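Asker: PDB, C-alpha atoms and all ligand atoms, file target.pdb:
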```pdb
MODEL        1
ATOM      1  CA  MET A   1      33.580-101.096 -62.735
ATOM      2  CA  MET A   2      32.137-100.358 -66.192
ATOM      3  CA  ILE A   3      33.046-103.062 -68.689
ATOM      4  CA  SER A   4      32.250-102.468 -72.356
ATOM      5  CA  TYR A   5      32.092-105.108 -75.070
ATOM      6  CA  ARG A   6      33.199-104.955 -78.703
ATOM      7  CA  LEU A   7      32.673-107.186 -81.673
ATOM      8  CA  GLY A   8      35.451-107.794 -84.196
ATOM      9  CA  ASN A   9      39.020-108.969 -84.484
ATOM     10  CA  ASP A  10      40.598-105.549 -84.786
ATOM     11  CA  VAL A  11      42.486-106.149 -81.543
ATOM     12  CA  GLY A  12      46.235-105.885 -80.983
ATOM     13  CA  VAL A  13      48.000-109.226 -80.887
ATOM     14  CA  ASP A  14      50.153-108.259 -77.891
ATOM     15  CA  ALA A  15      47.101-107.277 -75.864
ATOM     16  CA  VAL A  16      45.450-110.626 -76.647
ATOM     17  CA  ILE A  17      48.605-112.550 -75.690
ATOM     18  CA  ASP A  18      48.747-110.565 -72.466
ATOM     19  CA  VAL A  19      45.141-111.454 -71.580
ATOM     20  CA  TYR A  20      45.720-115.139 -72.357
ATOM     21  CA  ARG A  21      48.846-115.173 -70.188
ATOM     22  CA  SER A  22      47.159-113.317 -67.357
ATOM     23  CA  SER A  23      44.116-115.594 -67.441
ATOM     24  CA  THR A  24      46.418-118.648 -67.368
ATOM     25  CA  LEU A  25      44.906-119.951 -70.606
ATOM     26  CA  GLY A  26      47.632-122.348 -71.674
ATOM     27  CA  SER A  27      48.111-124.551 -74.726
ATOM     28  CA  ARG A  28      48.019-121.647 -77.147
ATOM     29  CA  PRO A  29      51.169-120.627 -79.060
ATOM     30  CA  LEU A  30      51.743-117.580 -76.881
ATOM     31  CA  ASP A  31      55.441-117.359 -77.732
ATOM     32  CA  ASP A  32      54.748-117.388 -81.473
ATOM     33  CA  ARG A  33      53.479-113.896 -82.261
ATOM     34  CA  GLU A  34      52.995-114.691 -85.939
ATOM     35  CA  ALA A  35      50.792-117.703 -85.173
ATOM     36  CA  MET A  36      48.774-115.683 -82.677
ATOM     37  CA  ALA A  37      48.299-112.898 -85.242
ATOM     38  CA  LYS A  38      47.069-115.487 -87.767
ATOM     39  CA  MET A  39      44.636-116.934 -85.227
ATOM     40  CA  ILE A  40      43.185-113.505 -84.533
ATOM     41  CA  GLN A  41      43.003-112.532 -88.178
ATOM     42  CA  ALA A  42      41.246-115.777 -89.162
ATOM     43  CA  ALA A  43      38.682-115.600 -86.354
ATOM     44  CA  ASN A  44      35.401-114.486 -87.878
ATOM     45  CA  LEU A  45      33.662-113.933 -84.550
ATOM     46  CA  MET A  46      35.531-112.237 -81.772
ATOM     47  CA  VAL A  47      33.963-110.600 -78.746
ATOM     48  CA  THR A  48      36.206-108.619 -76.430
ATOM     49  CA  ALA A  49      35.719-107.009 -73.025
ATOM     50  CA  TRP A  50      37.309-103.681 -72.147
ATOM     51  CA  ASP A  51      37.914-101.689 -68.997
ATOM     52  CA  GLY A  52      38.341 -98.316 -70.670
ATOM     53  CA  GLU A  53      41.064 -98.952 -73.261
ATOM     54  CA  ARG A  54      42.401-102.000 -71.414
ATOM     55  CA  LEU A  55      41.592-105.376 -72.941
ATOM     56  CA  VAL A  56      40.369-107.622 -70.133
ATOM     57  CA  GLY A  57      38.551-110.502 -71.836
ATOM     58  CA  VAL A  58      38.481-112.365 -75.133
ATOM     59  CA  ALA A  59      36.131-114.863 -76.789
ATOM     60  CA  ARG A  60      37.640-116.013 -80.099
ATOM     61  CA  SER A  61      35.450-118.133 -82.362
ATOM     62  CA  LEU A  62      35.007-119.495 -85.858
ATOM     63  CA  THR A  63      31.405-119.649 -87.036
ATOM     64  CA  ASP A  64      29.212-120.277 -90.098
ATOM     65  CA  PHE A  65      26.522-117.985 -88.592
ATOM     66  CA  CYS A  66      23.982-120.766 -89.119
ATOM     67  CA  PHE A  67      24.719-124.178 -87.629
ATOM     68  CA  CYS A  68      27.849-124.062 -85.512
ATOM     69  CA  THR A  69      30.180-121.733 -83.700
ATOM     70  CA  TYR A  70      33.464-123.128 -82.439
ATOM     71  CA  LEU A  71      34.509-121.129 -79.392
ATOM     72  CA  SER A  72      38.228-121.779 -79.392
ATOM     73  CA  ASP A  73      39.471-119.371 -76.724
ATOM     74  CA  LEU A  74      37.723-117.846 -73.748
ATOM     75  CA  ALA A  75      39.941-115.862 -71.398
ATOM     76  CA  VAL A  76      39.420-113.216 -68.754
ATOM     77  CA  ARG A  77      42.286-111.403 -67.061
ATOM     78  CA  ARG A  78      42.832-112.964 -63.645
ATOM     79  CA  GLU A  79      41.956-109.852 -61.607
ATOM     80  CA  TYR A  80      38.703-109.453 -63.577
ATOM     81  CA  GLN A  81      37.490-113.028 -63.154
ATOM     82  CA  ARG A  82      34.281-113.962 -61.316
ATOM     83  CA  GLN A  83      32.529-110.719 -62.249
ATOM     84  CA  GLY A  84      30.343-112.153 -65.010
ATOM     85  CA  ILE A  85      32.620-111.176 -67.902
ATOM     86  CA  GLY A  86      33.162-114.715 -69.179
ATOM     87  CA  ARG A  87      29.417-115.394 -69.186
ATOM     88  CA  GLU A  88      28.716-112.114 -71.009
ATOM     89  CA  LEU A  89      31.395-112.894 -73.616
ATOM     90  CA  MET A  90      29.710-116.257 -74.263
ATOM     91  CA  ARG A  91      26.228-114.752 -74.318
ATOM     92  CA  ARG A  92      27.331-112.223 -76.931
ATOM     93  CA  THR A  93      29.150-114.931 -78.899
ATOM     94  CA  GLN A  94      25.962-117.013 -79.057
ATOM     95  CA  LYS A  95      23.933-113.989 -80.137
ATOM     96  CA  ALA A  96      26.436-112.723 -82.726
ATOM     97  CA  GLY A  97      26.657-116.255 -84.161
ATOM     98  CA  LEU A  98      22.915-115.918 -84.848
ATOM     99  CA  SER A  99      22.233-118.577 -82.220
ATOM    100  CA  ALA A 100      24.218-121.298 -83.988
ATOM    101  CA  THR A 101      25.187-123.990 -81.490
ATOM    102  CA  VAL A 102      28.355-123.047 -79.625
ATOM    103  CA  PHE A 103      30.908-125.859 -79.265
ATOM    104  CA  LEU A 104      34.096-125.816 -77.237
ATOM    105  CA  PHE A 105      36.663-128.022 -75.537
ATOM    106  CA  ALA A 106      36.993-127.222 -71.855
ATOM    107  CA  ALA A 107      40.372-126.948 -70.206
ATOM    108  CA  PRO A 108      40.387-129.291 -67.157
ATOM    109  CA  ASP A 109      40.105-126.348 -64.732
ATOM    110  CA  ALA A 110      37.143-124.901 -66.625
ATOM    111  CA  VAL A 111      34.875-127.983 -66.654
ATOM    112  CA  ALA A 112      33.052-126.936 -63.466
ATOM    113  CA  TYR A 113      32.649-123.436 -64.889
ATOM    114  CA  TYR A 114      30.896-124.564 -68.062
ATOM    115  CA  GLU A 115      28.636-126.851 -66.026
ATOM    116  CA  HIS A 116      27.862-123.969 -63.676
ATOM    117  CA  VAL A 117      26.842-121.559 -66.458
ATOM    118  CA  GLY A 118      24.620-124.180 -68.087
ATOM    119  CA  LEU A 119      26.427-125.730 -71.031
ATOM    120  CA  THR A 120      25.725-129.345 -72.006
ATOM    121  CA  ALA A 121      28.619-131.788 -72.181
ATOM    122  CA  GLY A 122      28.675-133.895 -75.341
ATOM    123  CA  SER A 123      31.096-136.271 -76.984
ATOM    124  CA  GLY A 124      33.865-134.176 -78.436
ATOM    125  CA  TRP A 125      36.510-135.661 -80.698
ATOM    126  CA  MET A 126      39.618-134.126 -82.126
ATOM    127  CA  LEU A 127      42.313-134.842 -84.667
ATOM    128  CA  THR A 128      45.399-133.009 -83.546
ATOM    129  CA  ARG A 129      48.213-131.910 -85.824
ATOM    130  CA  LEU A 130      50.294-134.822 -84.513
ATOM    131  CA  GLN A 131      47.686-137.487 -85.276
ATOM    132  CA  LYS A 132      47.202-139.406 -88.524
ATOM    133  CA  LEU A 133      43.992-141.111 -89.575
ATOM    134  CA  ARG A 134      44.143-144.902 -89.532
TER
HETATM  135  C1  LIG B 201      36.935-119.666 -67.298
HETATM  136  C2  LIG B 201      36.847-118.130 -67.331
HETATM  137  C3  LIG B 201      36.805-117.668 -68.777
HETATM  138  C4  LIG B 201      35.570-117.706 -66.601
HETATM  139  O1  LIG B 201      35.414-116.319 -66.741
HETATM  140  P1  LIG B 201      34.845-115.414 -65.547
HETATM  141  O2  LIG B 201      34.599-114.063 -66.098
HETATM  142  O3  LIG B 201      35.754-115.530 -64.384
HETATM  143  O4  LIG B 201      33.499-116.177 -65.198
HETATM  144  P2  LIG B 201      32.090-115.484 -64.803
HETATM  145  O5  LIG B 201      32.381-114.375 -63.853
HETATM  146  O6  LIG B 201      31.328-115.201 -66.020
HETATM  147  O7  LIG B 201      31.415-116.667 -63.997
HETATM  148  C5  LIG B 201      30.037-116.924 -64.081
HETATM  149  C6  LIG B 201      29.666-117.854 -62.963
HETATM  150  O8  LIG B 201      30.540-118.995 -62.954
HETATM  151  C7  LIG B 201      31.218-119.095 -61.687
HETATM  152  N1  LIG B 201      32.570-119.576 -61.935
HETATM  153  C8  LIG B 201      33.617-118.869 -62.407
HETATM  154  N2  LIG B 201      34.704-119.648 -62.529
HETATM  155  C9  LIG B 201      34.327-120.881 -62.118
HETATM  156  C10 LIG B 201      35.000-122.111 -62.003
HETATM  157  N3  LIG B 201      36.301-122.270 -62.359
HETATM  158  N4  LIG B 201      34.296-123.189 -61.563
HETATM  159  C11 LIG B 201      33.000-123.080 -61.240
HETATM  160  N5  LIG B 201      32.291-121.911 -61.318
HETATM  161  C12 LIG B 201      32.959-120.839 -61.762
HETATM  162  C13 LIG B 201      31.186-117.694 -61.131
HETATM  163  O9  LIG B 201      31.328-117.702 -59.743
HETATM  164  C14 LIG B 201      29.824-117.223 -61.591
HETATM  165  O10 LIG B 201      28.847-117.812 -60.784
HETATM  166  P3  LIG B 201      27.484-117.022 -60.337
HETATM  167  O11 LIG B 201      26.995-116.261 -61.541
HETATM  168  O12 LIG B 201      26.580-118.103 -59.906
HETATM  169  O13 LIG B 201      27.918-116.097 -59.256
HETATM  170  C15 LIG B 201      38.042-117.474 -66.581
HETATM  171  O14 LIG B 201      38.101-117.970 -65.273
HETATM  172  C16 LIG B 201      39.385-117.742 -67.247
HETATM  173  O15 LIG B 201      39.836-116.960 -68.081
HETATM  174  N6  LIG B 201      40.018-118.858 -66.872
HETATM  175  C17 LIG B 201      41.347-119.206 -67.391
HETATM  176  C18 LIG B 201      41.302-119.602 -68.848
HETATM  177  C19 LIG B 201      40.373-120.764 -69.129
HETATM  178  O16 LIG B 201      40.420-121.787 -68.473
HETATM  179  N7  LIG B 201      39.513-120.585 -70.146
HETATM  180  C20 LIG B 201      38.634-121.591 -70.610
HETATM  181  C21 LIG B 201      39.374-122.406 -71.594
HETATM  182  S1  LIG B 201      38.362-123.681 -72.278
ENDMDL
END
```
Show this structure as structure tokens.

Answerer:
Amino acid sequence: MMISYRLGNDVGVDAVIDVYRSSTLGSRPLDDREAMAKMIQAANLMVTAWDGERLVGVARSLTDFCFCTYLSDLAVRREYQRQGIGRELMRRTQKAGLSATVFLFAAPDAVAYYEHVGLTAGSGWMLTRLQKLR
């Protein structure tokens, strides 16, 4: 199978939602098309994987192209998993971010994956929309 990779967020919102659903990437507002469109539009580093004209993988990040890249969403269509697409999406994300450090929060099921491909676990902290600073 020939997979090609593209850079940029000019990707249809429905196709992205479909990949997220198929990959089982939860905790994204998949039922809110407007929010998803905003997330795609605001992403300044997006790498996508394609089987012909079919979107099969997405790496959606925000980066300053210098110090840090926040890799928010990494998803590969279920039937395309375990073929190296996720690793290639991350490799291209690191490169396109001009080697800024890539940070992410792993979903519980993906912890072993990130360990396996060689990421370092650090101490991540978050302030969710429901939390207030004390
Ligand atoms: C996590 C995910 C992006 C990985 O993508 P992928 O294309 O299947 O992964 P790759 O094929 O690049 O895997 C690279 C290596 O990791 C291994 N691997 C894949 N999934 C793994 C897992 N869950 N646990 C441990 N190792 C894993 C592969 O076997 C491969 O090993 P090898 O190179 O030694 O043979 C994909 O499984 C996915 O979309 N999962 C659901 C959504 C999700 O959890 N995303 C992460 C949110 S933080």

Asker: From the list A:Gln41, A:Thr128, A:Asp73, A:Arg82, which residue is nearest Arg28 (chain A) when using all atoms listed in the file?

Answerer: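 Residue with the minimum atom-to-atom distance to Arg28 (chain A): A:Asp73.
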
Asker: With a cut-off of 9 Å, could you pull out the residues of chain A touching ligand LIG 201 (chain B) and give me the nearest pair of atoms for each, distance in Å to one decimal, using only C-alpha atoms and all ligand atoms, ordered by chain and ascending number, as a Markdown table?

Answerer:
```
| residue | atom | partner | partner_atom | distance |
| --- | --- | --- | --- | --- |
| A:Val19 | CA | B:LIG201 | O15 | 8.4 |
| A:Tyr20 | CA | B:LIG201 | C18 | 7.2 |
| A:Arg21 | CA | B:LIG201 | C18 | 8.9 |
| A:Ser22 | CA | B:LIG201 | O15 | 8.2 |
| A:Ser23 | CA | B:LIG201 | O15 | 4.5 |
| A:Thr24 | CA | B:LIG201 | C17 | 5.1 |
| A:Leu25 | CA | B:LIG201 | C18 | 4.0 |
| A:Gly26 | CA | B:LIG201 | C18 | 7.5 |
| A:Gly57 | CA | B:LIG201 | O15 | 7.6 |
| A:Val58 | CA | B:LIG201 | C3 | 8.4 |
| A:Ala59 | CA | B:LIG201 | C3 | 8.5 |
| A:Leu71 | CA | B:LIG201 | S1 | 8.5 |
| A:Ser72 | CA | B:LIG201 | S1 | 7.4 |
| A:Asp73 | CA | B:LIG201 | C21 | 6.0 |
| A:Leu74 | CA | B:LIG201 | N7 | 4.9 |
| A:Ala75 | CA | B:LIG201 | O15 | 3.5 |
| A:Val76 | CA | B:LIG201 | O15 | 3.8 |
| A:Arg77 | CA | B:LIG201 | O15 | 6.2 |
| A:Arg78 | CA | B:LIG201 | O15 | 6.7 |
| A:Glu79 | CA | B:LIG201 | O3 | 8.9 |
| A:Tyr80 | CA | B:LIG201 | O2 | 6.7 |
| A:Gln81 | CA | B:LIG201 | O3 | 3.3 |
| A:Arg82 | CA | B:LIG201 | O5 | 3.2 |
| A:Gln83 | CA | B:LIG201 | O5 | 4.0 |
| A:Gly84 | CA | B:LIG201 | O5 | 3.2 |
| A:Ile85 | CA | B:LIG201 | O2 | 3.9 |
| A:Gly86 | CA | B:LIG201 | O2 | 3.5 |
| A:Arg87 | CA | B:LIG201 | O6 | 3.7 |
| A:Glu88 | CA | B:LIG201 | O6 | 6.4 |
| A:Leu89 | CA | B:LIG201 | O6 | 7.9 |
| A:Met90 | CA | B:LIG201 | O6 | 8.5 |
| A:Leu104 | CA | B:LIG201 | S1 | 6.9 |
| A:Phe105 | CA | B:LIG201 | S1 | 5.7 |
| A:Ala106 | CA | B:LIG201 | S1 | 3.8 |
| A:Ala107 | CA | B:LIG201 | S1 | 4.4 |
| A:Pro108 | CA | B:LIG201 | O16 | 7.6 |
| A:Asp109 | CA | B:LIG201 | O16 | 5.9 |
| A:Ala110 | CA | B:LIG201 | O16 | 4.9 |
| A:Val111 | CA | B:LIG201 | N4 | 7.0 |
| A:Ala112 | CA | B:LIG201 | N4 | 4.4 |
| A:Tyr113 | CA | B:LIG201 | C11 | 3.7 |
| A:Tyr114 | CA | B:LIG201 | C11 | 7.3 |
| A:Glu115 | CA | B:LIG201 | C11 | 7.5 |
| A:His116 | CA | B:LIG201 | N5 | 5.4 |
| A:Val117 | CA | B:LIG201 | O8 | 5.7 |
```

Asker: Measure the distance from CA of Asn9 (chain A) to CA of Met126 (chain A) in Å and round it to one decimal.

Answerer: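 About the pair CA of Asn9 (chain A) and CA of Met126 (chain A): they are 25.3 Å apart.
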
Asker: Could you spell out the hits of the PyMOL selection byres (((chain A and resi 42) around 12) and not hetatm) on the shown file, as number ranges by chain?

Answerer: A: 8-10, 35-41, 43-46, 60-63, 72

Asker: So which residues fall inside 10 Å of (38.9, -105.1, -74.5) if we count all atoms listed in the file? Mind giving them as a PyMOL selection string?

Answerer: chain A and resi 3-7+11-12+15-16+19+47-58+76

Asker: Rounded to one decimal place, report the CA of Arg33 (chain A)-CA of Ile17 (chain A) distance in Å.

Answerer: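 A separation of 8.3 Å between them.
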